[in-house]
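Participant: Dropping in model-v4.cif, which is mmCIF, C-alpha atoms:
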data_work
loop_
_atom_site.label_atom_id
_atom_site.label_comp_id
_atom_site.auth_asym_id
_atom_site.auth_seq_id
_atom_site.Cartn_x
_atom_site.Cartn_y
_atom_site.Cartn_z
CA MET M 16 117.81 -74.36 132.56
CA LYS M 17 117.13 -71.92 130.22
CA ILE M 18 115.26 -70.03 127.62
CA PHE M 19 116.72 -66.55 127.76
CA SER M 20 117.42 -63.98 125.04
CA ALA M 21 120.82 -62.37 125.46
CA THR M 22 119.46 -59.19 123.88
CA LEU M 23 116.76 -58.73 126.53
CA PHE M 24 118.81 -57.02 129.16
CA PHE M 25 121.54 -54.58 129.42
CA LEU M 26 122.69 -54.23 132.97
CA LEU M 27 122.18 -50.86 134.55
CA LEU M 28 125.32 -51.32 136.58
CA LEU M 29 126.77 -47.85 137.01
CA ILE M 30 128.79 -47.56 140.17
CA GLN M 31 127.60 -44.81 142.44
CA PRO M 32 128.92 -43.74 145.82
CA PHE M 33 126.59 -44.36 148.73
CA ALA M 34 125.76 -41.63 151.19
CA ALA M 35 123.32 -42.55 153.94
CA PRO M 36 120.33 -40.16 154.01
CA SER M 37 119.64 -38.34 157.21
CA THR M 38 116.21 -40.01 157.29
CA LEU M 39 116.15 -43.44 155.71
CA ILE M 40 113.12 -44.11 153.51
CA ARG M 41 112.90 -47.88 153.77
CA LEU M 42 110.02 -48.40 151.33
CA GLU M 43 109.03 -46.51 148.20
CA GLU M 44 106.27 -47.43 145.76
CA ARG M 45 105.78 -46.07 142.24
CA ASP M 46 104.38 -46.89 138.78
CA PHE M 47 106.68 -48.92 136.54
CA GLY M 48 104.58 -48.99 133.36
CA GLU M 49 101.37 -50.28 131.84
CA LEU M 50 100.61 -53.62 130.18
CA ASP M 51 98.55 -54.08 127.01
CA ASP M 52 95.51 -55.07 129.08
CA GLY M 53 95.63 -51.66 130.80
CA SER M 54 96.85 -52.95 134.16
CA THR M 55 99.56 -50.98 135.95
CA VAL M 56 102.84 -52.54 136.98
CA ARG M 57 104.06 -51.30 140.36
CA GLN M 58 107.64 -51.10 141.56
CA PHE M 59 108.69 -51.28 145.21
CA LEU M 60 112.10 -50.13 146.43
CA LEU M 61 113.25 -51.69 149.70
CA ARG M 62 116.19 -50.05 151.49
CA ASN M 63 118.24 -50.84 154.57
CA ALA M 64 120.60 -48.88 156.80
CA ASN M 65 123.72 -50.35 155.14
CA GLY M 66 123.29 -48.88 151.67
CA MET M 67 121.40 -51.73 150.04
CA THR M 68 118.39 -51.17 147.78
CA VAL M 69 116.25 -53.94 146.33
CA GLY M 70 113.77 -53.18 143.53
CA VAL M 71 110.88 -55.54 142.78
CA ILE M 72 107.93 -55.17 140.40
CA SER M 73 104.49 -56.75 140.29
CA TYR M 74 104.99 -58.10 136.74
CA GLY M 75 106.43 -61.57 137.24
CA ALA M 76 107.27 -60.63 140.87
CA ILE M 77 110.60 -59.68 139.27
CA ILE M 78 113.68 -58.40 141.08
CA THR M 79 114.79 -55.42 138.99
CA GLU M 80 117.83 -54.53 141.09
CA ILE M 81 119.89 -55.42 144.12
CA GLN M 82 122.16 -52.46 144.80
CA ALA M 83 124.93 -53.74 147.08
CA PRO M 84 128.03 -51.87 148.36
CA ASP M 85 131.55 -53.14 147.72
CA ARG M 86 134.48 -52.87 150.13
CA THR M 87 134.93 -49.16 149.25
CA GLY M 88 131.27 -48.36 149.85
CA SER M 89 130.47 -47.95 146.14
CA VAL M 90 127.09 -49.40 145.21
CA ARG M 91 126.31 -51.49 142.15
CA ASN M 92 123.40 -53.54 140.85
CA VAL M 93 124.40 -57.20 141.20
CA VAL M 94 121.52 -58.72 139.19
CA ALA M 95 120.71 -58.46 135.50
CA GLY M 96 117.91 -55.93 135.35
CA SER M 97 116.41 -52.90 133.70
CA GLN M 98 114.39 -49.80 134.58
CA SER M 99 112.18 -50.26 131.50
CA LEU M 100 109.12 -52.53 131.54
CA ASP M 101 109.57 -53.22 127.81
CA ASP M 102 112.80 -55.10 128.53
CA TYR M 103 110.84 -57.60 130.61
CA LEU M 104 108.16 -58.33 128.01
CA GLY M 105 110.29 -60.53 125.75
CA PRO M 106 110.56 -64.32 125.66
CA PHE M 107 111.84 -64.81 129.20
CA PRO M 108 112.24 -62.16 131.89
CA ALA M 109 115.23 -62.62 134.20
CA ALA M 110 114.84 -62.51 138.00
CA ALA M 111 111.16 -63.48 137.79
CA VAL M 112 109.36 -65.96 140.02
CA ILE M 113 108.99 -69.22 138.09
CA GLY M 114 105.92 -71.44 138.53
CA ARG M 115 103.88 -73.46 138.85
CA PHE M 116 106.80 -75.73 138.24
CA ALA M 117 110.33 -74.46 137.69
CA ASN M 118 112.72 -76.42 135.47
CA ARG M 119 111.63 -79.36 133.31
CA ILE M 120 108.94 -82.03 133.18
CA LYS M 121 109.52 -84.87 130.72
CA ASP M 122 107.00 -84.82 127.86
CA GLY M 123 104.92 -82.42 129.97
CA ARG M 124 103.26 -85.46 131.56
CA PHE M 125 102.80 -86.70 135.11
CA LYS M 126 100.41 -88.59 137.37
CA ILE M 127 98.93 -87.70 140.74
CA ASP M 128 96.92 -90.38 142.56
CA GLY M 129 96.59 -92.35 139.31
CA GLN M 130 95.23 -89.38 137.33
CA ASP M 131 97.15 -88.39 134.17
CA TYR M 132 97.92 -84.75 133.42
CA GLN M 133 99.36 -83.07 130.33
CA VAL M 134 100.89 -79.62 130.72
CA THR M 135 102.20 -77.26 128.06
CA GLN M 136 105.08 -78.61 125.96
CA ASN M 137 107.22 -75.51 125.45
CA ALA M 138 110.74 -76.99 125.36
CA ARG M 139 110.49 -79.28 122.36
CA ALA M 140 108.41 -82.19 123.68
CA ASN M 141 109.00 -81.18 127.28
CA HIS M 142 107.66 -78.61 129.72
CA ILE M 143 109.83 -75.90 131.26
CA HIS M 144 109.33 -73.08 133.78
CA GLY M 145 105.56 -73.29 134.10
CA GLY M 146 104.66 -73.23 130.41
CA ALA M 147 104.13 -70.72 127.62
CA LYS M 148 103.24 -67.98 130.09
CA GLY M 149 103.72 -69.31 133.58
CA PHE M 150 104.04 -67.12 136.65
CA ALA M 151 106.89 -65.10 135.14
CA LYS M 152 104.65 -63.26 132.70
CA VAL M 153 101.62 -62.27 134.75
CA ASN M 154 100.97 -59.14 136.80
CA TRP M 155 100.80 -60.21 140.45
CA ASN M 156 98.72 -58.42 143.07
CA ALA M 157 100.97 -56.40 145.35
CA GLU M 158 100.74 -55.10 148.89
CA ALA M 159 103.44 -53.30 150.84
CA LEU M 160 104.06 -54.61 154.34
CA PRO M 161 104.21 -52.31 157.37
CA VAL M 162 107.73 -50.92 157.71
CA SER M 163 109.59 -51.72 160.93
CA LYS M 164 112.73 -50.19 162.41
CA THR M 165 114.90 -52.88 160.82
CA GLU M 166 113.18 -54.13 157.64
CA ALA M 167 110.78 -53.43 154.80
CA GLY M 168 108.84 -55.80 152.59
CA VAL M 169 106.18 -56.43 150.00
CA VAL M 170 103.96 -59.43 149.31
CA PHE M 171 102.90 -60.48 145.81
CA SER M 172 100.03 -62.90 145.19
CA TYR M 173 98.71 -64.67 142.09
CA PHE M 174 95.62 -66.84 141.57
CA SER M 175 96.23 -69.61 139.05
CA LYS M 176 93.02 -71.21 137.80
CA ASP M 177 92.40 -74.93 137.60
CA GLY M 178 93.64 -76.06 134.18
CA GLU M 179 96.02 -73.13 133.59
CA GLU M 180 98.88 -74.50 131.43
CA GLY M 181 97.29 -77.92 132.11
CA TYR M 182 97.93 -77.95 135.87
CA PRO M 183 95.20 -79.27 138.16
CA GLY M 184 93.70 -77.23 140.97
CA ASN M 185 92.92 -73.62 141.74
CA LEU M 186 96.16 -72.38 143.27
CA THR M 187 96.89 -69.19 145.20
CA ALA M 188 100.62 -68.46 145.27
CA THR M 189 102.43 -65.74 147.21
CA VAL M 190 106.00 -64.53 147.43
CA THR M 191 107.06 -62.11 150.13
CA TYR M 192 110.25 -60.09 149.69
CA THR M 193 111.83 -58.58 152.81
CA LEU M 194 115.12 -56.72 153.22
CA ASN M 195 116.55 -56.20 156.70
CA ASP M 196 119.55 -54.49 158.28
CA GLN M 197 121.47 -57.77 158.34
CA ASN M 198 121.62 -57.50 154.52
CA GLU M 199 119.29 -60.49 154.20
CA LEU M 200 116.98 -60.48 151.21
CA SER M 201 114.36 -63.11 152.04
CA LEU M 202 111.96 -64.72 149.56
CA ALA M 203 109.15 -66.53 151.37
CA TYR M 204 106.91 -68.60 149.08
CA THR M 205 103.50 -70.12 149.80
CA ALA M 206 100.95 -71.95 147.65
CA LYS M 207 97.51 -73.27 148.55
CA THR M 208 95.37 -75.49 146.33
CA ASP M 209 91.88 -76.97 146.28
CA LYS M 210 93.02 -80.27 144.71
CA PRO M 211 96.32 -82.19 144.52
CA THR M 212 98.81 -80.51 142.20
CA ILE M 213 102.56 -79.93 141.88
CA VAL M 214 104.47 -76.81 142.87
CA ASN M 215 108.11 -75.82 142.41
CA LEU M 216 108.73 -72.09 142.86
CA THR M 217 112.06 -70.33 142.40
CA ASN M 218 113.58 -67.03 141.28
CA HIS M 219 115.57 -66.87 138.05
CA ALA M 220 117.99 -64.04 138.90
CA TYR M 221 121.31 -63.66 137.08
CA PHE M 222 123.97 -62.51 139.55
CA ASN M 223 127.27 -60.74 138.97
CA LEU M 224 129.04 -59.43 142.08
CA SER M 225 131.87 -57.65 140.24
CA ASN M 226 132.26 -53.97 139.43
CA GLY M 227 131.98 -54.52 135.70
CA GLY M 228 133.90 -57.71 134.97
CA GLY M 229 132.68 -61.19 134.14
CA PHE M 230 131.45 -63.78 136.62
CA GLU M 231 133.84 -66.60 135.71
CA ASP M 232 136.39 -65.54 138.35
CA HIS M 233 133.81 -65.51 141.15
CA ILE M 234 134.73 -68.13 143.76
CA LEU M 235 131.90 -70.59 144.41
CA TRP M 236 131.32 -73.07 147.21
CA LEU M 237 128.34 -75.43 147.06
CA ASN M 238 127.00 -77.50 149.94
CA ALA M 239 126.50 -80.43 147.58
CA HIS M 240 128.28 -83.75 147.22
CA GLN M 241 125.88 -85.05 144.56
CA TYR M 242 124.04 -83.82 141.48
CA THR M 243 121.27 -85.25 139.32
CA LEU M 244 122.58 -86.83 136.12
CA ALA M 245 120.76 -85.57 133.03
CA ASP M 246 120.16 -86.74 129.47
CA SER M 247 120.52 -84.77 126.25
CA ASP M 248 117.31 -82.85 127.02
CA LEU M 249 118.65 -81.91 130.47
CA LEU M 250 116.10 -84.22 132.11
CA PRO M 251 117.22 -86.28 135.11
CA THR M 252 117.94 -89.94 134.48
CA GLY M 253 116.98 -90.67 138.08
CA GLU M 254 120.57 -91.32 139.17
CA LEU M 255 122.46 -89.20 141.69
CA ALA M 256 126.14 -88.85 140.82
CA THR M 257 128.98 -87.88 143.13
CA VAL M 258 130.73 -84.60 142.36
CA SER M 259 134.09 -85.94 143.54
CA GLY M 260 136.78 -85.80 140.86
CA SER M 261 134.53 -83.97 138.41
CA PRO M 262 134.12 -80.36 137.22
CA PHE M 263 130.94 -80.32 139.34
CA ASP M 264 132.87 -80.43 142.61
CA PHE M 265 132.51 -77.11 144.43
CA THR M 266 132.76 -78.62 147.91
CA VAL M 267 136.13 -76.83 148.00
CA PRO M 268 135.76 -73.22 146.78
CA GLN M 269 136.73 -72.85 143.10
CA THR M 270 136.27 -70.19 140.45
CA ILE M 271 133.10 -70.76 138.46
CA GLY M 272 134.93 -70.73 135.13
CA TRP M 273 138.01 -72.79 135.99
CA ARG M 274 136.71 -76.11 134.63
CA LEU M 275 134.16 -75.05 132.04
CA ASP M 276 136.25 -76.64 129.28
CA GLN M 277 135.93 -79.99 131.09
CA ILE M 278 132.15 -80.05 130.85
CA GLY M 279 131.03 -82.25 127.99
CA GLU M 280 127.64 -83.29 126.70
CA PRO M 281 124.77 -82.64 127.05
CA HIS M 282 125.70 -78.98 127.67
CA PRO M 283 129.38 -78.34 126.92
CA TYR M 284 131.17 -75.28 128.34
CA LYS M 285 128.41 -74.29 130.72
CA TYR M 286 126.77 -75.43 133.92
CA ASP M 287 123.06 -76.23 133.77
CA ASP M 288 122.86 -78.71 136.61
CA ASN M 289 120.81 -79.46 139.69
CA PHE M 290 122.91 -80.01 142.81
CA VAL M 291 121.64 -82.00 145.79
CA ILE M 292 121.92 -79.79 148.86
CA LYS M 293 123.44 -81.59 151.81
CA ALA M 294 120.88 -81.65 154.67
CA GLY M 295 118.57 -79.64 152.44
CA ARG M 296 114.78 -80.04 152.76
CA ASN M 297 112.47 -78.70 155.44
CA GLN M 298 115.13 -76.66 157.23
CA LEU M 299 117.05 -73.52 156.30
CA VAL M 300 120.65 -74.41 155.42
CA VAL M 301 123.48 -72.66 153.58
CA ALA M 302 123.38 -73.99 150.02
CA ALA M 303 126.06 -71.80 148.41
CA ARG M 304 128.55 -68.99 148.93
CA VAL M 305 129.94 -66.83 146.15
CA HIS M 306 132.82 -64.37 146.61
CA GLU M 307 134.09 -61.79 144.12
CA PRO M 308 137.63 -60.97 145.32
CA GLU M 309 138.10 -57.59 143.63
CA SER M 310 134.91 -55.97 144.92
CA GLY M 311 134.93 -57.97 148.14
CA ARG M 312 131.23 -58.78 147.79
CA LEU M 313 130.13 -62.12 149.20
CA MET M 314 126.68 -63.64 148.70
CA GLU M 315 125.40 -66.54 150.78
CA VAL M 316 122.36 -68.51 149.62
CA ARG M 317 120.23 -70.18 152.28
CA THR M 318 117.22 -72.35 151.54
CA ASP M 319 114.99 -75.15 152.78
CA GLN M 320 114.69 -76.66 149.29
CA PRO M 321 116.42 -79.97 148.38
CA GLY M 322 118.22 -78.70 145.27
CA VAL M 323 119.89 -75.72 143.64
CA GLN M 324 120.37 -75.27 139.90
CA LEU M 325 123.66 -73.69 138.82
CA TYR M 326 123.32 -72.08 135.40
CA THR M 327 126.07 -70.19 133.56
CA GLY M 328 124.74 -70.12 130.01
CA ASN M 329 124.26 -66.36 129.78
CA LYS M 330 127.05 -63.79 129.70
CA HIS M 331 125.21 -61.45 132.09
CA GLY M 332 125.61 -63.64 135.16
CA PHE M 333 125.15 -66.95 136.92
CA CYS M 334 121.98 -68.39 138.45
CA LEU M 335 121.57 -70.26 141.73
CA GLU M 336 117.95 -71.39 141.62
CA THR M 337 116.74 -73.09 144.80
CA GLN M 338 114.21 -75.73 143.86
CA HIS M 339 112.86 -79.26 143.82
CA TYR M 340 114.81 -81.50 141.48
CA PRO M 341 113.83 -81.22 137.79
CA ASP M 342 111.08 -83.66 136.72
CA SER M 343 110.81 -84.78 140.34
CA ILE M 344 107.15 -85.72 139.90
CA ASN M 345 108.24 -88.54 137.55
CA HIS M 346 110.93 -89.94 139.87
CA PRO M 347 109.42 -91.42 143.06
CA GLN M 348 112.87 -91.60 144.69
CA PHE M 349 113.18 -87.78 144.52
CA PRO M 350 111.60 -85.46 147.11
CA SER M 351 107.94 -85.09 146.15
CA PRO M 352 106.64 -81.78 144.74
CA ILE M 353 102.99 -82.74 145.30
CA VAL M 354 100.91 -80.16 147.16
CA ARG M 355 97.51 -81.03 148.62
CA PRO M 356 94.67 -79.00 150.17
CA SER M 357 95.73 -80.37 153.55
CA LYS M 358 99.44 -79.79 152.87
CA PRO M 359 100.17 -76.36 151.32
CA PHE M 360 103.54 -75.38 149.89
CA LYS M 361 105.82 -73.23 152.03
CA SER M 362 109.46 -72.38 151.40
CA THR M 363 112.07 -69.73 152.15
CA THR M 364 115.24 -68.69 150.33
CA GLN M 365 117.61 -65.97 151.51
CA PHE M 366 120.33 -64.09 149.64
CA VAL M 367 122.66 -62.59 152.25
CA PHE M 368 125.27 -59.99 151.31
CA SER M 369 128.50 -59.07 153.09
CA ILE M 370 132.07 -57.94 152.41
CA GLN M 371 135.11 -60.17 152.67
#
In structure tokens, how does this file's structure come out?
Facilitator:
Amino acid sequence: MKIFSATLFFLLLLIQPFAAPSTLIRLEERDFGELDDGSTVRQFLLRNANGMTVGVISYGAIITEIQAPDRTGSVRNVVAGSQSLDDYLGPFPAAAVIGRFANRIKDGRFKIDGQDYQVTQNARANHIHGGAKGFAKVNWNAEALPVSKTEAGVVFSYFSKDGEEGYPGNLTATVTYTLNDQNELSLAYTAKTDKPTIVNLTNHAYFNLSNGGGFEDHILWLNAHQYTLADSDLLPTGELATVSGSPFDFTVPQTIGWRLDQIGEPHPYKYDDNFVIKAGRNQLVVAARVHEPESGRLMEVRTDQPGVQLYTGNKHGFCLETQHYPDSINHPQFPSPIVRPSKPFKSTTQFVFSIQ
């Protein structure tokens, strides 16, 4: 899926032993830097009783870190991130919330109720990830949630004006991050509009569950028997293909890198594919599990979205982006991404960490 500069990030992945504080501070808020317009970017650190820390910032609603223990209790950041705001100001910041529409729209064109719309063409003739700026490169409003005995959270909100990047409707989007003592990091998305529009929100985190190695030996299971076939521009043809007998079959757990050399055009030697989640849509289901045998870390991805994009085109990690199918607005047979004043967008994705 992706426009990402490999020089943007250098993982701050130093292993550090975890020692539980006598009094757990579940939520901490601090300044993270200042943008050119003078606005302040805030960082929120969410902690649980099991040694996990999740850092999120208001710029792009970005996840800057997920510190997760391994089987020895040593803690490491398992997402590509940085503690410097400057590293997030380049072409495409990792672990940001993507919107209004994640992934691609063919020719940047679509219709709603017979009305034609043209959005920003920022991937050759096509549209990707919300446009030239999108939700990933704005400073969201932020508000910490009241801390409970078992979880902490923060809600980010952004008002997108009618016509922004060509999208119709004044849209108010929110994403709420919560971390609880079950090691569940929940991302709850909402979007309300005053006229029909399209919405497809996701998070573009690059994961690596190892203690310093690559991600190709991570063992992946996907709850997906089909994927959307794509053309040379990575746009769906409209056909759903079976994964059986192909390098896209993760219905039996396999290492991510085992069959990369079997992937041909349009994107040889990497995955950049939307998988159709079995029983996905309108209910929370397990979409994926990833296990890193050496560290013992296991991540389970749960979502109510119909698809998940597996991307492995960056050396820093792999992406599992829960989403509507790419270009779904132009394929009536796909689940519809249309949001109306009477039917707001609501979705939840969870990343759940454990040791195996």
Participant: Assuming the chain letters and numbering stay as they are in my file, what does the PyMOL selection byres ((chain M and resi 330) around 10) actually select? List them as a list in words.
Facilitator: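 This file gives the following for the PyMOL selection byres ((chain M and resi 330) around 10): Ala21, Tyr221, Asn223, Gly229, Phe230, Glu231, Thr327, Gly328, Asn329, His331, Gly332 and Phe333 of chain M.
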Participant: Counting all atoms listed in the file, what is within 6 Å of segment 335-344 of chain M, bar same-chain residues fewer than 3 positions away, as a list in words?
Facilitator: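 Contacts, with the query itself left out: Asn118, Arg119, Ile120, Thr217, Gln320, Pro321, Gly322, Val323, Gln324, Leu325 and Phe349 of chain M.
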Participant: Could you list, as a ChimeraX atom specification, every residue within 9 Å of Val214 of chain M, counting only C-alpha atoms and ignoring same-chain residues fewer than 3 positions away?
Facilitator: /M:114-117,206,339,352-354,360
Participant: Would you please work out which residue, of M:Val367, M:Ala109, M:Ala76, M:Leu61, is nearest to Glu44 of chain M when using all atoms listed in the file?
Facilitator: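 Ranked by minimum distance to Glu44 of chain M, first place goes to M:Leu61.
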Participant: Quick one, how far is atom CA of Asp85 of chain M from atom CA of Asn198 of chain M?
Facilitator: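 Computing the Euclidean distance for atom CA of Asp85 of chain M and atom CA of Asn198 of chain M yields 12.8 Å.
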Participant: Calculated over all atoms listed in the file, which of the candidates M:Val300, M:Val134, M:Leu202, M:Val153 has the smallest distance to Pro183 of chain M?
Facilitator: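 Of M:Val300, M:Val134, M:Leu202, M:Val153, the one nearest Pro183 of chain M, counting all atoms listed in the file, is M:Val134.
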Participant: When you draw a straight line from atom CA of Pro84 of chain M to atom CA of Ser369 of chain M, how long is it in Å?
Facilitator: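 Here the two named atoms are 8.6 Å from each other.
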Participant: Which residue out of M:Val71, M:Arg124, M:Thr270, M:Ser261 has the minimum interatomic distance to Thr193 of chain M when only C-alpha atoms are used?
Facilitator: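 Distance minimum relative to Thr193 of chain M lands on M:Val71.
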Participant: Check which residues satisfy the PyMOL selection byres ((chain M and resi 298) around 10) in the file shown, then give them as a PDB file with C-alpha atoms, in the frame of the given file.
Facilitator:
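So result_6.pdb came out as:
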ATOM      1  CA  ALA M 294     120.880 -81.650 154.670  1.00  0.00           C
ATOM      2  CA  GLY M 295     118.570 -79.640 152.440  1.00  0.00           C
ATOM      3  CA  ARG M 296     114.780 -80.040 152.760  1.00  0.00           C
ATOM      4  CA  ASN M 297     112.470 -78.700 155.440  1.00  0.00           C
ATOM      5  CA  LEU M 299     117.050 -73.520 156.300  1.00  0.00           C
ATOM      6  CA  VAL M 300     120.650 -74.410 155.420  1.00  0.00           C
ATOM      7  CA  VAL M 301     123.480 -72.660 153.580  1.00  0.00           C
ATOM      8  CA  ARG M 317     120.230 -70.180 152.280  1.00  0.00           C
ATOM      9  CA  THR M 318     117.220 -72.350 151.540  1.00  0.00           C
ATOM     10  CA  ASP M 319     114.990 -75.150 152.780  1.00  0.00           C
ATOM     11  CA  GLN M 320     114.690 -76.660 149.290  1.00  0.00           C
ATOM     12  CA  PRO M 321     116.420 -79.970 148.380  1.00  0.00           C
ATOM     13  CA  SER M 362     109.460 -72.380 151.400  1.00  0.00           C
ATOM     14  CA  THR M 363     112.070 -69.730 152.150  1.00  0.00           C
TER      15      THR M 363
END
Participant: Of the candidates M:Leu250, M:Leu60, M:Leu50, M:Ala151, which one gets nearest to Ala167 of chain M if we count all atoms listed in the file?
Facilitator: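 Among M:Leu250, M:Leu60, M:Leu50, M:Ala151, it is M:Leu60 that comes nearest to Ala167 of chain M.
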Participant: Could you list as a list in words every residue that has an atom within 10 Å of (100.9, -50.0, 135.7), using the file's coordinates and counting only C-alpha atoms?
Facilitator: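 Protein and nucleic acid residues near the point are Arg45, Asp46, Phe47, Gly48, Glu49, Leu50, Asp51, Asp52, Gly53, Ser54, Thr55, Val56, Arg57, Gln58, Ile72, Ser73, Tyr74, Leu100 and Asn154 of chain M.
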Participant: Up to 10 Å from (115.4, -54.9, 139.2) in the file's coordinates: name the residues, counting all atoms listed in the file, as a list in words.
Facilitator: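 I get Leu26, Leu27, Gln58, Phe59, Leu60, Thr68, Val69, Gly70, Val71, Ile72, Ile77, Ile78, Thr79, Glu80, Ile81, Gln82, Asn92, Val93, Val94, Ala95, Gly96, Ser97, Gln98, Ser99, Ala109, Ala110, Ala111 and Ala220 of chain M for the residues within 10 Å of that point.
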Participant: Of the residues M:Leu249, M:Ala157, M:Ile143, M:Val316, which is the one nearest to Glu199 of chain M, using all atoms listed in the file?
Facilitator: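 Among the listed residues, M:Val316 lies closest to Glu199 of chain M.
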Participant: What gap, in Å, lies between atom CA of Ala303 of chain M and atom CA of Leu235 of chain M?
Facilitator: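 A separation of 7.2 Å between them.
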Participant: Have a look at M:Arg91, M:His144, M:Lys152, M:His346 and name the one nearest to Leu216 of chain M; count only C-alpha atoms.
Facilitator: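 Using only C-alpha atoms, the shortest distance to Leu216 of chain M belongs to M:His144.
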Participant: Might you spell out which residues the PyMOL selection byres ((chain M and resi 174) around 7) would select in the displayed file, as a tab-separated table (two decimals) with C-alpha atoms, in the coordinates of the input?
Facilitator:
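Listed below is the output, out.tsv:
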chain	number	residue	atom	x	y	z
M	172	SER	CA	100.03	-62.90	145.19
M	173	TYR	CA	98.71	-64.67	142.09
M	175	SER	CA	96.23	-69.61	139.05
M	176	LYS	CA	93.02	-71.21	137.80
M	186	LEU	CA	96.16	-72.38	143.27
M	187	THR	CA	96.89	-69.19	145.20
M	188	ALA	CA	100.62	-68.46	145.27
